[in-house]
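Working notes, structure below.
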Amino acid sequence: MSIRTEETSMQNQFKLRRAITLSMLAAPFLARPLPALAALKHFAITDFGAVADGATVNTAAIQKTIDHAAAQGGGTVVVPAGVFVSGALFLKLKVNLHLEQGAVLRCSTDLSHFPAGRTRIEGHFAPNFNPALINANGCDGLRLSGAGTLDGAGRPIWDMFWRLRNAAPDPHNFKNIGIPRARLALIERSNGVTVDGLTFKDSQFWNLHLYRCQQVTVRNARFVVPDDYHQAPSSDGIDLDSCQHVLVEGCYFSVTDDCIAAKGSKGPNALSDTDSPSSP
């Protein structure tokens, strides 16, 4: 009996020591904020002043929502049902975007809301072209999701493009970037990107432009322009610019330019373009 009692006591002490050791090992991890918790935070743009009237330009209110989410350690910016007009928006690391059913985030057709600057476009960096509606740079793990719509409101911009092109001395050499136009989404230098469920509609220029991204999934998205418009210029669905490991599945394309275009650097400075090596 004494032997068994001693063995039982030793076993209990071992279990206690093991429990204490495991607790000490776990403590540093439990003390840290879990990354998954950031994804559980949701920030509705209407809580920061955005108005769904199809007319008010909500750039400041939506950007304020994004900045607040980033300051809180990340989370998901939510666009509820309704039509929200906006200019260029800039996502930040750990901040995702979700458009609910019936939500429309629409480009302003006043291009002053898309202030021109240096940006990647058509296989090179242009010193003075417009950003996209949704811009993300260095946003690993980015997720754009939902059953809502990114709407480029492109028709008046397309009309202007064709008027200027047809009036040009040499229409066939009229540059695509000869007039200001906004893409719907530009995602740069970001890994582990997911685009899921969104509709990209009537983009003024390319719909989804991915530059130097890796491990990207584009799933169940739609890329459309009106059937009754003769040709929406430069309405590419997805432009994969110097990207690697990209999966596109379950997507629908009805555009009047490339559905999916794989690109690299081009033009006279292609070989010296260190931002986009010829063999990405």
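Scheme for the structure tokens: letters A, B, ... for chains in order shown; per-chain residue numbers from 1; ligand numbers from 1 in order shown.
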*Just list the residues in region 27-261 of chain A DSSP gives helix (DSSP H, G or I) on the backbone, as a PyMOL selection string.*
chain A and resi 27-31+35-40+45-48+59-71+111-113+155-167+171-173+176-178
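Checking A:Asp140, A:Asp241, A:Asp151, A:Asp257 one by one against Thr109 (chain A), counting only C-alpha atoms, you find the shortest gap at A:Asp151.
The shortest atom-to-atom distance to Gly192 (chain A), with only C-alpha atoms taken into account, belongs to A:Gly141 out of A:Cys251, A:Gly141, A:Ala221, A:Asn166.
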*Considering only C-alpha atoms, return as a PyMOL selection string whatever protein or nucleic-acid residues lie within 7 Å of region 50-64 of chain A, sequence-local ones (same chain, fewer than 6 positions apart) excluded.*
chain A and resi 82-89
*Distance CA of Gly197 (chain A)-CA of Leu144 (chain A), one decimal place?*
8.5 Å
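One finds CA of Asn128 (chain A) at 20.8 Å from CA of Leu91 (chain A).
Among the candidates A:Leu142, A:Leu93, A:Leu105, A:Ile157, the one nearest to Leu184 (chain A) when counting only C-alpha atoms is A:Leu105.
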*asked:* Between CA of Ala126 (chain A) and CA of Lys263 (chain A), what distance in Å does the model show, to one decimal?
replied: 15.7 Å
*Excluding region 222-226 of chain A and residues on its chain fewer than 6 positions from it, collect all residues at most 6 Å away from it, counting only C-alpha atoms, and give them as a VMD selection string.*
chain A and resid 199 to 202 237 251 to 255
Could you please take those selected residues and save N, CA, C and O atoms as a short mmCIF file (atom, residue, chain, number, x, y, z; two decimals), in the first residue's frame?
data_model
loop_
_atom_site.label_atom_id
_atom_site.label_comp_id
_atom_site.auth_asym_id
_atom_site.auth_seq_id
_atom_site.Cartn_x
_atom_site.Cartn_y
_atom_site.Cartn_z
N THR A 199 -19.25 41.58 -57.69
CA THR A 199 -19.50 41.94 -59.08
C THR A 199 -18.74 43.21 -59.40
O THR A 199 -18.84 44.20 -58.67
N PHE A 200 -17.96 43.16 -60.48
CA PHE A 200 -17.24 44.33 -60.99
C PHE A 200 -18.02 44.80 -62.22
O PHE A 200 -18.14 44.05 -63.20
N LYS A 201 -18.51 46.02 -62.19
CA LYS A 201 -19.47 46.45 -63.20
C LYS A 201 -19.07 47.79 -63.81
O LYS A 201 -18.72 48.74 -63.10
N ASP A 202 -19.11 47.87 -65.14
CA ASP A 202 -18.97 49.14 -65.87
C ASP A 202 -17.73 49.93 -65.47
O ASP A 202 -17.78 51.15 -65.26
N GLY A 237 -11.18 42.26 -67.67
CA GLY A 237 -11.71 41.71 -66.43
C GLY A 237 -10.66 41.66 -65.33
O GLY A 237 -10.78 42.33 -64.30
N CYS A 251 -15.66 32.19 -62.09
CA CYS A 251 -15.92 33.59 -62.42
C CYS A 251 -16.66 33.71 -63.75
O CYS A 251 -16.59 32.83 -64.60
N TYR A 252 -17.36 34.83 -63.91
CA TYR A 252 -18.12 35.11 -65.13
C TYR A 252 -17.60 36.39 -65.75
O TYR A 252 -17.40 37.40 -65.05
N PHE A 253 -17.36 36.36 -67.06
CA PHE A 253 -16.84 37.53 -67.77
C PHE A 253 -17.75 37.88 -68.93
O PHE A 253 -18.09 37.03 -69.75
N SER A 254 -18.16 39.14 -69.00
CA SER A 254 -18.86 39.67 -70.17
C SER A 254 -18.37 41.09 -70.37
O SER A 254 -19.00 42.06 -69.96
N VAL A 255 -17.17 41.20 -70.98
CA VAL A 255 -16.52 42.49 -71.18
C VAL A 255 -16.17 42.62 -72.66
O VAL A 255 -16.25 41.66 -73.42
#
